[in-house]
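Engineer: Supplied structure: run.cif, mmCIF, C-alpha atoms.
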data_target
loop_
_atom_site.label_atom_id
_atom_site.label_comp_id
_atom_site.auth_asym_id
_atom_site.auth_seq_id
_atom_site.Cartn_x
_atom_site.Cartn_y
_atom_site.Cartn_z
CA MET A 1 25.56 -35.60 -17.44
CA THR A 2 22.52 -34.49 -19.50
CA GLY A 3 23.46 -37.04 -22.17
CA HIS A 4 23.52 -39.78 -19.55
CA PHE A 5 20.19 -38.64 -18.22
CA PHE A 6 18.47 -38.95 -21.60
CA GLN A 7 20.13 -42.33 -22.14
CA TYR A 8 18.73 -43.48 -18.80
CA VAL A 9 15.27 -42.13 -19.59
CA SER A 10 15.26 -43.84 -22.96
CA PHE A 11 16.35 -47.22 -21.54
CA ILE A 12 14.10 -47.19 -18.48
CA SER A 13 11.05 -45.95 -20.40
CA HIS A 14 10.79 -49.37 -22.08
CA GLY A 15 9.73 -50.72 -18.68
CA LEU A 16 6.78 -48.35 -18.55
CA GLU A 17 4.62 -50.66 -20.66
CA LEU A 18 4.94 -53.57 -18.22
CA THR A 19 4.42 -51.34 -15.18
CA LEU A 20 1.24 -49.88 -16.68
CA LEU A 21 -0.06 -53.22 -17.94
CA LEU A 22 0.49 -54.76 -14.53
CA THR A 23 -1.18 -51.84 -12.77
CA VAL A 24 -4.26 -51.75 -15.01
CA CYS A 25 -4.83 -55.54 -15.01
CA SER A 26 -4.21 -55.86 -11.25
CA LEU A 27 -6.48 -52.90 -10.57
CA PHE A 28 -9.26 -54.51 -12.60
CA LEU A 29 -8.79 -57.82 -10.80
CA GLY A 30 -8.53 -56.05 -7.45
CA LEU A 31 -11.77 -54.12 -7.95
CA THR A 32 -13.82 -57.02 -9.30
CA GLY A 33 -12.36 -59.40 -6.71
CA GLY A 34 -12.95 -56.87 -3.95
CA ILE A 35 -16.60 -56.42 -4.97
CA ALA A 36 -17.07 -60.20 -5.15
CA PHE A 37 -15.41 -60.70 -1.74
CA VAL A 38 -17.48 -58.04 -0.04
CA MET A 39 -20.75 -59.31 -1.52
CA LEU A 40 -19.95 -62.90 -0.56
CA ARG A 41 -19.00 -61.71 2.90
CA TYR A 42 -22.61 -60.66 3.46
CA GLN A 43 -23.89 -64.13 2.57
CA LYS A 44 -24.39 -66.52 5.49
CA TRP A 45 -22.79 -69.49 3.77
CA SER A 46 -19.66 -67.78 2.51
CA GLY A 47 -18.94 -65.06 5.06
CA LEU A 48 -16.47 -67.06 7.14
CA ALA A 49 -14.58 -68.42 4.12
CA VAL A 50 -14.20 -64.91 2.64
CA ASP A 51 -13.04 -63.56 6.00
CA GLY A 52 -10.38 -66.29 6.07
CA ILE A 53 -9.13 -65.59 2.53
CA VAL A 54 -9.00 -61.83 3.11
CA SER A 55 -7.18 -62.36 6.40
CA VAL A 56 -4.49 -64.55 4.76
CA LEU A 57 -4.03 -62.16 1.82
CA ARG A 58 -3.62 -59.20 4.16
CA GLY A 59 -1.59 -61.08 6.70
CA THR A 60 1.26 -62.40 4.55
CA PRO A 61 3.99 -60.42 2.75
CA MET A 62 3.33 -59.69 -0.88
CA ILE A 63 6.81 -60.88 -1.88
CA LEU A 64 5.91 -64.26 -0.36
CA GLN A 65 2.64 -64.35 -2.32
CA LEU A 66 4.50 -63.45 -5.51
CA ASN A 67 6.99 -66.28 -5.00
CA PHE A 68 4.10 -68.57 -4.15
CA PHE A 69 2.33 -67.83 -7.44
CA TYR A 70 5.48 -67.95 -9.56
CA PHE A 71 7.31 -70.90 -8.00
CA ALA A 72 5.10 -72.87 -5.57
CA ILE A 73 1.86 -73.19 -7.54
CA PRO A 74 3.51 -74.15 -10.88
CA GLY A 75 5.59 -76.69 -8.95
CA LEU A 76 2.51 -78.10 -7.33
CA LEU A 77 0.34 -78.23 -10.46
CA GLY A 78 3.07 -78.81 -13.00
CA LEU A 79 1.83 -75.78 -14.95
CA PRO A 80 4.35 -73.07 -15.70
CA ILE A 81 3.12 -69.53 -15.06
CA ASP A 82 4.76 -66.55 -16.76
CA ILE A 83 5.94 -63.54 -14.78
CA LEU A 84 3.15 -61.24 -15.96
CA THR A 85 0.38 -63.70 -14.98
CA ALA A 86 2.00 -64.37 -11.60
CA GLY A 87 2.31 -60.62 -11.05
CA ILE A 88 -1.28 -59.87 -12.02
CA CYS A 89 -2.63 -62.72 -9.87
CA THR A 90 -0.58 -61.69 -6.85
CA LEU A 91 -1.14 -57.96 -7.05
CA GLY A 92 -4.78 -58.34 -8.08
CA LEU A 93 -5.69 -60.82 -5.36
CA ASN A 94 -3.77 -58.94 -2.70
CA SER A 95 -5.45 -55.71 -3.76
CA SER A 96 -8.88 -57.37 -3.81
CA ALA A 97 -8.49 -58.16 -0.10
CA TYR A 98 -7.77 -54.50 0.67
CA VAL A 99 -10.53 -53.27 -1.67
CA ALA A 100 -12.97 -55.65 0.06
CA GLU A 101 -12.06 -54.14 3.43
CA ILE A 102 -12.38 -50.59 2.06
CA LEU A 103 -15.82 -51.42 0.62
CA ARG A 104 -16.85 -53.15 3.85
CA GLY A 105 -16.01 -49.96 5.74
CA GLY A 106 -18.12 -48.01 3.26
CA ILE A 107 -21.04 -50.42 3.56
CA GLU A 108 -20.93 -50.38 7.37
CA SER A 109 -21.00 -46.58 7.35
CA LEU A 110 -24.17 -46.43 5.22
CA PRO A 111 -27.41 -45.99 7.16
CA LYS A 112 -29.16 -49.32 7.77
CA GLY A 113 -32.25 -47.60 6.42
CA GLN A 114 -30.84 -47.69 2.87
CA PHE A 115 -30.98 -51.50 2.92
CA GLU A 116 -34.40 -51.38 4.56
CA ALA A 117 -35.73 -48.87 2.03
CA ALA A 118 -34.61 -51.18 -0.78
CA LYS A 119 -36.29 -54.09 1.00
CA THR A 120 -39.58 -52.25 1.51
CA LEU A 121 -39.59 -51.36 -2.19
CA ARG A 122 -39.11 -55.09 -2.94
CA ILE A 123 -35.89 -54.40 -4.89
CA PRO A 124 -34.10 -57.74 -5.53
CA ARG A 125 -30.83 -58.25 -3.66
CA TRP A 126 -28.51 -58.05 -6.66
CA LEU A 127 -30.15 -54.87 -7.93
CA MET A 128 -29.92 -53.39 -4.46
CA TRP A 129 -26.16 -54.03 -4.45
CA ARG A 130 -25.66 -52.85 -8.03
CA ASP A 131 -27.79 -49.73 -8.07
CA ILE A 132 -28.36 -48.65 -4.47
CA ILE A 133 -25.54 -49.72 -2.17
CA LEU A 134 -22.33 -49.99 -4.23
CA PRO A 135 -22.72 -46.65 -6.10
CA GLN A 136 -22.97 -44.89 -2.73
CA VAL A 137 -20.07 -46.88 -1.29
CA PHE A 138 -17.83 -46.14 -4.30
CA ARG A 139 -18.60 -42.43 -4.06
CA ASN A 140 -17.90 -42.35 -0.32
CA GLU A 141 -14.75 -44.44 -0.56
CA LEU A 142 -13.30 -43.00 -3.76
CA PRO A 143 -10.35 -41.22 -2.05
CA THR A 144 -9.40 -44.45 -0.24
CA LEU A 145 -9.74 -46.47 -3.45
CA VAL A 146 -7.51 -43.99 -5.28
CA ASN A 147 -5.01 -44.46 -2.47
CA GLU A 148 -5.17 -48.23 -2.98
CA CYS A 149 -4.58 -47.68 -6.70
CA ILE A 150 -1.45 -45.63 -5.91
CA THR A 151 -0.18 -48.33 -3.55
CA LEU A 152 -0.80 -50.94 -6.22
CA LEU A 153 1.07 -48.91 -8.83
CA LYS A 154 4.13 -48.68 -6.59
CA GLU A 155 3.94 -52.33 -5.59
CA THR A 156 4.23 -53.41 -9.23
CA SER A 157 7.96 -52.82 -8.74
CA LEU A 158 8.07 -56.13 -6.83
CA ILE A 159 7.84 -57.93 -10.17
CA SER A 160 11.49 -56.93 -10.72
CA VAL A 161 12.44 -59.55 -8.13
CA LEU A 162 11.23 -62.25 -10.55
CA GLY A 163 12.96 -60.60 -13.51
CA GLY A 164 9.95 -58.76 -14.93
CA MET A 165 11.39 -55.94 -17.00
CA ASP A 166 9.45 -53.06 -15.52
CA LEU A 167 10.70 -49.58 -14.63
CA MET A 168 12.40 -50.80 -11.47
CA TYR A 169 14.14 -53.77 -13.10
CA ARG A 170 15.46 -51.67 -15.95
CA SER A 171 16.78 -48.99 -13.61
CA GLN A 172 18.57 -51.63 -11.54
CA THR A 173 20.01 -53.24 -14.67
CA LEU A 174 21.30 -49.89 -15.82
CA ALA A 175 22.69 -49.13 -12.37
CA THR A 176 24.74 -52.35 -12.25
CA GLN A 177 25.92 -51.92 -15.84
CA LYS A 178 27.04 -48.32 -15.39
CA PHE A 179 28.11 -48.59 -11.72
CA ASP A 180 25.84 -45.58 -11.17
CA TYR A 181 22.88 -46.01 -8.87
CA PHE A 182 21.96 -42.37 -8.41
CA GLY A 183 20.92 -41.50 -11.95
CA PRO A 184 18.89 -44.63 -12.90
CA LEU A 185 17.09 -44.75 -9.55
CA CYS A 186 16.22 -41.04 -9.81
CA VAL A 187 14.82 -41.58 -13.31
CA ALA A 188 12.73 -44.57 -12.17
CA GLY A 189 11.59 -42.57 -9.15
CA LEU A 190 10.51 -39.71 -11.40
CA TYR A 191 8.52 -42.09 -13.59
CA TYR A 192 6.72 -43.57 -10.57
CA TYR A 193 6.10 -40.14 -9.08
CA ALA A 194 4.68 -38.81 -12.36
CA LEU A 195 2.37 -41.80 -12.63
CA VAL A 196 1.24 -41.35 -9.02
CA LEU A 197 0.52 -37.67 -9.67
CA LEU A 198 -1.49 -38.64 -12.72
CA VAL A 199 -3.59 -41.10 -10.69
CA THR A 200 -3.98 -38.51 -7.91
CA TYR A 201 -5.30 -35.86 -10.30
CA ALA A 202 -7.56 -38.36 -12.05
CA GLY A 203 -8.92 -39.31 -8.61
CA LYS A 204 -9.53 -35.67 -7.69
CA TRP A 205 -11.27 -35.09 -11.02
CA ALA A 206 -13.48 -38.16 -10.44
CA GLU A 207 -14.23 -37.00 -6.89
CA LYS A 208 -15.37 -33.59 -8.15
CA ARG A 209 -17.34 -35.15 -10.97
CA TRP A 210 -19.19 -37.82 -8.95
CA CYS A 211 -19.05 -36.91 -5.29
CA TYR A 212 -19.46 -33.15 -5.15
CA ALA A 213 -23.13 -33.02 -6.11
CA VAL A 214 -24.14 -35.78 -3.70
CA HIS A 215 -22.19 -34.52 -0.67
CA ARG A 216 -22.48 -30.76 -0.88
CA MET B 1 -56.96 -56.11 5.64
CA LEU B 2 -54.55 -56.34 8.58
CA SER B 3 -54.91 -58.76 11.44
CA ILE B 4 -52.43 -58.96 14.28
CA VAL B 5 -52.93 -61.60 16.97
CA LYS B 6 -50.99 -61.70 20.23
CA LEU B 7 -47.83 -60.23 18.76
CA SER B 8 -44.80 -60.10 21.02
CA LYS B 9 -41.31 -58.86 20.26
CA ILE B 10 -38.24 -58.99 22.45
CA LEU B 11 -35.20 -56.83 21.67
CA SER B 12 -31.95 -57.36 23.60
CA GLY B 13 -33.79 -59.16 26.39
CA ARG B 14 -36.39 -56.39 26.74
CA THR B 15 -40.01 -56.90 25.74
CA VAL B 16 -40.82 -54.07 23.33
CA LEU B 17 -44.21 -55.39 22.20
CA LYS B 18 -46.41 -57.57 24.39
CA ASP B 19 -49.54 -59.41 23.27
CA ILE B 20 -50.60 -56.84 20.70
CA SER B 21 -53.81 -57.70 18.85
CA LEU B 22 -55.20 -55.41 16.19
CA GLU B 23 -57.67 -55.54 13.32
CA MET B 24 -57.70 -53.00 10.54
CA GLU B 25 -60.01 -52.65 7.56
CA GLY B 26 -59.04 -51.69 4.04
CA GLY B 27 -59.15 -47.95 3.34
CA SER B 28 -59.21 -47.02 7.01
CA VAL B 29 -56.82 -44.66 8.76
CA VAL B 30 -55.51 -45.77 12.12
CA GLY B 31 -53.29 -43.63 14.29
CA LEU B 32 -50.74 -45.27 16.52
CA ALA B 33 -49.94 -43.05 19.47
CA GLY B 34 -48.01 -43.42 22.68
CA PRO B 35 -45.03 -42.09 24.57
CA SER B 36 -41.50 -42.40 23.17
CA GLY B 37 -40.21 -45.95 23.48
CA SER B 38 -43.69 -47.47 23.69
CA GLY B 39 -43.06 -49.62 20.60
CA LYS B 40 -44.90 -47.70 17.84
CA SER B 41 -42.08 -47.85 15.32
CA THR B 42 -41.24 -51.45 16.21
CA LEU B 43 -44.84 -52.47 15.56
CA LEU B 44 -44.75 -50.85 12.11
CA ARG B 45 -41.41 -52.49 11.38
CA CYS B 46 -42.80 -55.89 12.40
CA ILE B 47 -45.78 -55.45 10.07
CA GLN B 48 -43.46 -54.49 7.21
CA GLY B 49 -41.21 -57.49 7.91
CA LEU B 50 -38.19 -55.43 8.87
CA GLU B 51 -38.12 -57.12 12.29
CA PHE B 52 -38.59 -60.74 13.26
CA ILE B 53 -41.40 -61.40 15.69
CA ASP B 54 -41.02 -63.67 18.72
CA SER B 55 -44.64 -64.83 18.96
CA GLY B 56 -48.07 -64.14 17.51
CA THR B 57 -49.18 -63.72 13.93
CA ILE B 58 -49.44 -60.89 11.44
CA THR B 59 -51.74 -61.38 8.46
CA CYS B 60 -51.86 -58.69 5.84
CA GLN B 61 -53.92 -58.89 2.66
CA GLY B 62 -52.35 -56.84 -0.09
CA SER B 63 -49.04 -55.07 -0.31
CA THR B 64 -47.62 -52.60 2.17
CA GLY B 65 -45.52 -49.51 1.69
CA PHE B 66 -43.30 -47.97 4.36
CA LEU B 67 -42.62 -44.31 4.96
CA PHE B 68 -39.47 -43.91 7.03
CA GLN B 69 -39.13 -41.25 9.70
CA ASP B 70 -35.84 -40.11 8.14
CA PHE B 71 -37.14 -40.64 4.57
CA GLN B 72 -34.22 -42.84 3.46
CA LEU B 73 -34.22 -41.48 -0.08
CA PHE B 74 -31.40 -42.80 -2.25
CA PRO B 75 -28.95 -39.86 -2.14
CA HIS B 76 -27.22 -40.56 -5.45
CA MET B 77 -30.47 -40.65 -7.44
CA SER B 78 -32.51 -37.68 -8.60
CA VAL B 79 -36.04 -37.18 -7.34
CA LEU B 80 -37.43 -38.74 -10.51
CA ASP B 81 -35.11 -41.74 -10.31
CA ASN B 82 -35.96 -42.28 -6.66
CA ILE B 83 -39.63 -42.49 -7.64
CA ARG B 84 -39.38 -44.56 -10.82
CA TYR B 85 -36.56 -46.97 -9.90
CA ALA B 86 -38.65 -49.62 -8.13
CA PRO B 87 -41.65 -49.56 -10.54
CA VAL B 88 -39.29 -49.93 -13.51
CA HIS B 89 -37.03 -52.63 -12.05
CA VAL B 90 -39.42 -54.51 -9.76
CA LEU B 91 -42.89 -54.17 -11.28
CA HIS B 92 -41.46 -53.88 -14.83
CA GLU B 93 -44.19 -51.40 -15.61
CA LYS B 94 -44.26 -50.11 -19.15
CA GLU B 95 -45.95 -46.93 -18.04
CA ALA B 96 -43.72 -46.47 -14.95
CA GLU B 97 -42.19 -43.34 -16.43
CA ALA B 98 -45.58 -41.76 -17.08
CA SER B 99 -46.86 -42.81 -13.63
CA ALA B 100 -43.80 -41.27 -11.99
CA TYR B 101 -44.41 -37.96 -13.79
CA LYS B 102 -48.07 -38.10 -12.76
CA LEU B 103 -47.06 -38.59 -9.12
CA LEU B 104 -44.58 -35.73 -9.42
CA GLN B 105 -47.39 -33.49 -10.64
CA GLN B 106 -49.83 -34.64 -7.95
CA LEU B 107 -47.29 -33.94 -5.22
CA ASN B 108 -46.05 -30.65 -6.74
CA LEU B 109 -42.62 -32.06 -7.37
CA GLU B 110 -42.39 -31.58 -11.14
CA ASN B 111 -40.04 -28.58 -10.80
CA ILE B 112 -37.51 -30.54 -8.78
CA SER B 113 -37.53 -33.83 -10.68
CA ASP B 114 -33.81 -33.59 -11.56
CA VAL B 115 -32.69 -32.46 -8.13
CA LEU B 116 -30.74 -34.69 -5.73
CA PRO B 117 -32.31 -35.37 -2.30
CA ASN B 118 -29.68 -33.39 -0.36
CA GLN B 119 -30.89 -30.21 -2.04
CA LEU B 120 -34.47 -30.65 -0.80
CA SER B 121 -36.19 -29.31 2.32
CA GLY B 122 -37.63 -31.70 4.90
CA GLY B 123 -41.16 -31.26 3.53
CA GLN B 124 -40.01 -31.91 -0.04
CA LYS B 125 -38.11 -35.01 1.05
CA GLN B 126 -41.24 -36.28 2.77
CA ARG B 127 -43.25 -35.78 -0.42
CA VAL B 128 -40.63 -37.56 -2.52
CA ALA B 129 -40.55 -40.45 -0.03
CA LEU B 130 -44.33 -40.61 -0.21
CA ALA B 131 -44.28 -40.56 -4.03
CA ARG B 132 -41.63 -43.31 -4.08
CA THR B 133 -43.80 -45.50 -1.85
CA LEU B 134 -47.02 -44.76 -3.73
CA ALA B 135 -45.35 -45.61 -7.04
CA MET B 136 -45.38 -49.24 -5.87
CA HIS B 137 -49.20 -49.11 -5.55
CA PRO B 138 -49.43 -50.28 -1.92
CA ASP B 139 -52.78 -51.32 -0.47
CA MET B 140 -51.62 -50.13 2.89
CA LEU B 141 -49.16 -47.42 3.88
CA LEU B 142 -47.21 -47.61 7.14
CA CYS B 143 -46.03 -44.15 8.18
CA ASP B 144 -43.42 -43.76 10.89
CA GLU B 145 -43.63 -40.27 12.43
CA PRO B 146 -44.45 -38.56 9.12
CA THR B 147 -44.50 -35.06 10.63
CA SER B 148 -41.41 -35.42 12.80
CA GLY B 149 -38.97 -32.56 12.25
CA LEU B 150 -41.27 -30.70 9.86
CA ASP B 151 -42.42 -27.09 10.28
CA ILE B 152 -46.12 -26.15 10.53
CA VAL B 153 -46.50 -25.52 6.80
CA SER B 154 -44.88 -28.82 5.86
CA THR B 155 -46.97 -30.63 8.48
CA GLN B 156 -50.16 -29.19 6.94
CA ASP B 157 -48.83 -30.28 3.59
CA VAL B 158 -48.33 -33.85 4.84
CA ILE B 159 -51.83 -33.91 6.37
CA GLN B 160 -53.34 -32.89 3.02
CA LEU B 161 -51.28 -35.48 1.20
CA LEU B 162 -52.27 -38.26 3.57
CA GLN B 163 -55.92 -37.23 3.26
CA SER B 164 -55.67 -37.45 -0.52
CA ILE B 165 -54.04 -40.89 -0.18
CA LYS B 166 -56.92 -41.93 2.07
CA LYS B 167 -59.34 -40.87 -0.69
CA MET B 168 -57.45 -43.14 -3.08
CA GLY B 169 -58.54 -46.06 -0.87
CA VAL B 170 -55.11 -46.81 0.57
CA ALA B 171 -55.24 -47.89 4.22
CA LEU B 172 -52.99 -45.88 6.51
CA LEU B 173 -51.37 -46.87 9.77
CA ILE B 174 -49.63 -43.80 11.15
CA ALA B 175 -47.29 -43.88 14.13
CA SER B 176 -46.92 -40.46 15.70
CA HIS B 177 -46.60 -38.82 19.09
CA ASP B 178 -48.36 -35.75 17.66
CA LEU B 179 -51.94 -36.22 18.89
CA ALA B 180 -53.24 -33.04 17.22
CA PHE B 181 -52.02 -34.33 13.90
CA LEU B 182 -53.51 -37.81 14.42
CA THR B 183 -56.94 -36.49 15.42
CA THR B 184 -57.19 -34.51 12.18
CA ILE B 185 -56.71 -37.56 10.00
CA ALA B 186 -57.39 -40.84 11.84
CA ASP B 187 -60.63 -42.82 12.01
CA ARG B 188 -59.27 -44.57 15.08
CA ILE B 189 -56.38 -44.00 17.44
CA ILE B 190 -54.63 -46.84 19.20
CA ILE B 191 -52.48 -46.10 22.21
CA LEU B 192 -49.40 -48.09 23.07
CA LYS B 193 -47.88 -47.74 26.49
CA ASN B 194 -45.20 -49.83 28.16
CA SER B 195 -45.15 -52.13 25.13
CA GLN B 196 -48.85 -52.92 25.42
CA LEU B 197 -51.96 -51.78 23.61
CA VAL B 198 -53.85 -49.83 26.28
CA ALA B 199 -56.62 -48.07 24.34
CA ASP B 200 -58.50 -48.15 21.06
CA LEU B 201 -60.37 -44.88 20.62
CA THR B 202 -62.74 -43.48 18.00
CA PRO B 203 -63.39 -39.78 17.17
CA LEU B 204 -66.46 -40.01 19.38
CA ASP B 205 -64.24 -40.83 22.35
CA TRP B 206 -61.78 -37.98 21.92
CA GLU B 207 -64.38 -35.43 20.83
CA SER B 208 -66.74 -36.13 23.74
CA ASP B 209 -63.96 -36.36 26.28
CA VAL B 210 -61.22 -33.80 25.68
CA GLY B 211 -58.08 -35.10 27.26
CA SER B 212 -58.99 -38.75 26.78
CA LEU B 213 -55.88 -39.21 24.66
CA GLU B 214 -53.45 -37.23 26.81
CA ARG B 215 -54.45 -39.32 29.81
CA TYR B 216 -52.46 -42.23 28.49
CA TYR B 217 -49.19 -40.31 28.33
#
Once you've parsed the file, please lay out its structure as structure tokens.
Structural biologist:
Amino acid sequence: MTGHFFQYVSFISHGLELTLLLTVCSLFLGLTGGIAFVMLRYQKWSGLAVDGIVSVLRGTPMILQLNFFYFAIPGLLGLPIDILTAGICTLGLNSSAYVAEILRGGIESLPKGQFEAAKTLRIPRWLMWRDIILPQVFRNELPTLVNECITLLKETSLISVLGGMDLMYRSQTLATQKFDYFGPLCVAGLYYYALVLLVTYAGKWAEKRWCYAVHR
Amino acid sequence: MLSIVKLSKILSGRTVLKDISLEMEGGSVVGLAGPSGSGKSTLLRCIQGLEFIDSGTITCQGSTGFLFQDFQLFPHMSVLDNIRYAPVHVLHEKEAEASAYKLLQQLNLENISDVLPNQLSGGQKQRVALARTLAMHPDMLLCDEPTSGLDIVSTQDVIQLLQSIKKMGVALLIASHDLAFLTTIADRIIILKNSQLVADLTPLDWESDVGSLERYY
């Protein structure tokens, strides 16, 4: 039993690299995209368009979006897209819609006077966003953003549907090879849970480091 | 310095300022008094450009600074950063750092330069807000209820600070419902009532006729 367990751990652990790579790249795209979306949302000329994009990204299943990026777009453009790129684009864009909404909530909850104070001090708009508004929003919304990061980490398992050899795919492969679902799925579950705990503790550390002084 | 002609402002279908005309000279201190909801803050916000106006004109020579009733300090920045941020990034002053330290000294804030705003008392926050505004070298300072929520000591502190700003030649337009405070500092007091300018009084008026101000409330 123990021998099997270590065999499973060894085989499934090779999927860790893809899971982590997908998480980190999608998180980066999600955060930068979310910031871009939310800033464009507050522009007169682009607000409606951004609202539309965010609505579609939030309103359709992620598995559909994944298939769309991997099969539909390459078919349409005649450009093949590899699994990792399709995964990063799907997870990153989908996450950016949620991050944009989280940041919007944070912006709406800031006193209007913060924008007005920046205006009376003649601070240019982009500096106001960079140095005055977004730092406050990120501090206030850090727990929710960490939550989004955890969701993203778990959603990377969808890449297994396309054949991406992540933790989930490797555990399923092992399960069908060994006719044993319990062991491989438990090992994959433990990997995901450990990663989620790691993100949770990193989030709590960041909260203490950046938010405590401002909010106490 | 400031010229307002027939200014009107409508908010949600309600006229909050009606045909306001006002002239103000450089270096003078004008108090803006009136009951709550008479439009004092709205008038200041219109002058600063924080509100659109529906009719009339506002002409202001020189730059204005705005002191918010609730300070609106940037909570994630230290006292020093609150003061030096705009001079460094907007005016690109080489000596912004030195000027900020000078202001800190003038306003007795040098001991709390590294402190975040949420650790300050109301009076200290008011001084930081004042320093932040003064760091932008305004020709005119618009103060919205600068003594609101402050204790007697802090109020005295604010009076002294505003008097020293007056000596620096900065014009002051102070909205407050605290008549005692306004009479100690203003060269003129303007009364707003029911969205209209109903009186323009000088020290001679309120000193010769005690109660001349209260009559408008």
Engineer: What would the selection look like, as a VMD selection string, if the PyMOL selection byres ((chain B and resi 118) around 12) were run on the coordinates I just shared?
Structural biologist: (chain A and resid 212 to 216) or (chain B and resid 71 to 79 112 114 to 117 119 to 122 124 to 125 128)
Engineer: Would you tabulate, counting all atoms listed in the file, all residues of chain A that have an atom at most 10 Å from an atom of chain B, showing the closest pair of atoms and their distance in Å to one decimal, sorted by chain then ascending number, as a tab-separated table?
Structural biologist:
residue	atom	partner	partner_atom	distance
A:Pro111	CA	B:Gln72	CA	8.4
A:Lys112	CA	B:Gln72	CA	9.3
A:Gly113	CA	B:Gln72	CA	5.9
A:Gln114	CA	B:Gln72	CA	5.9
A:Phe115	CA	B:Gln72	CA	9.3
A:Glu116	CA	B:Leu50	CA	7.0
A:Ala117	CA	B:Gln72	CA	6.4
A:Ala118	CA	B:Ala86	CA	8.5
A:Lys119	CA	B:Leu50	CA	8.2
A:Thr120	CA	B:Phe66	CA	6.3
A:Leu121	CA	B:Ala86	CA	6.3
A:Arg122	CA	B:Val90	CA	6.9
A:Ile123	CA	B:Val90	CA	6.0
A:Pro124	CA	B:Val90	CA	7.5
A:Leu127	CA	B:His89	CA	8.3
A:Asp131	CA	B:Tyr85	CA	9.4
A:Ile132	CA	B:Phe74	CA	7.0
A:Ile133	CA	B:Phe74	CA	9.1
A:Pro135	CA	B:His76	CA	7.6
A:Gln136	CA	B:His76	CA	6.6
A:Arg139	CA	B:His76	CA	8.9
A:Trp210	CA	B:His76	CA	9.2
A:Cys211	CA	B:His76	CA	8.9
A:Ala213	CA	B:Leu116	CA	7.8
A:Val214	CA	B:His76	CA	5.9
A:His215	CA	B:Asn118	CA	7.6
A:Arg216	CA	B:Asn118	CA	7.7
Engineer: Decode the PyMOL selection byres ((chain A and resi 15-27) around 10) for the given file into explicit residues and return them as a ChimeraX atom specification.
Structural biologist: /A:10-14,28-33,84-85,87-96,99,148-157,159,164-171,188,191-192,195
Engineer: I'd like to see the residues matched by the PyMOL selection byres ((chain B and resi 20) around 10) on this file, and ideally I'd get them as a VMD selection string.
Structural biologist: chain B and resid 4 to 9 17 to 19 21 to 22 43 56 to 57 192 195 to 198
Engineer: As an exercise, work out the distance from CA of Val158 (chain B) to CA of Ile185 (chain B) in Å and give it to one decimal place.
Structural biologist: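 We find that CA of Val158 (chain B) and CA of Ile185 (chain B) lie 10.5 Å from each other.
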Engineer: For each of A:Gly34, A:Gly75, A:Pro61, A:Gly52, take the minimum atom-to-atom distance to Phe138 (chain A), counting all atoms listed in the file, then give the residue where this is smallest.
Structural biologist: A:Gly34
Engineer: Counting only C-alpha atoms, which residue out of A:Ala194, A:Leu145, A:Leu174, A:Gly189 sits closest to His4 (chain A)?
Structural biologist: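 Going through A:Ala194, A:Leu145, A:Leu174, A:Gly189 one by one, the smallest distance to His4 (chain A) is for A:Leu174.
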Engineer: For region 160-168 of chain B, please output as a list in words all residues within 10 Å (counting only C-alpha atoms; exclusion window: fewer than 4 positions along the same chain).
Structural biologist: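 Residues near the query, excluding close chain neighbours: Gly27, Ser28, Val29, Gln106, Leu107, Arg127, Leu130, Leu134, Asp139, Met140, Leu141, Cys143, Pro146, Ser154, Thr155, Gln156, Leu172, Ile174, Thr184, Ile185 and Ala186 of chain B.
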Engineer: Mind giving me the straight-line distance from CA of Ser109 (chain A) to CA of Ala97 (chain A) in Å, one decimal?
Structural biologist: 18.6 Å
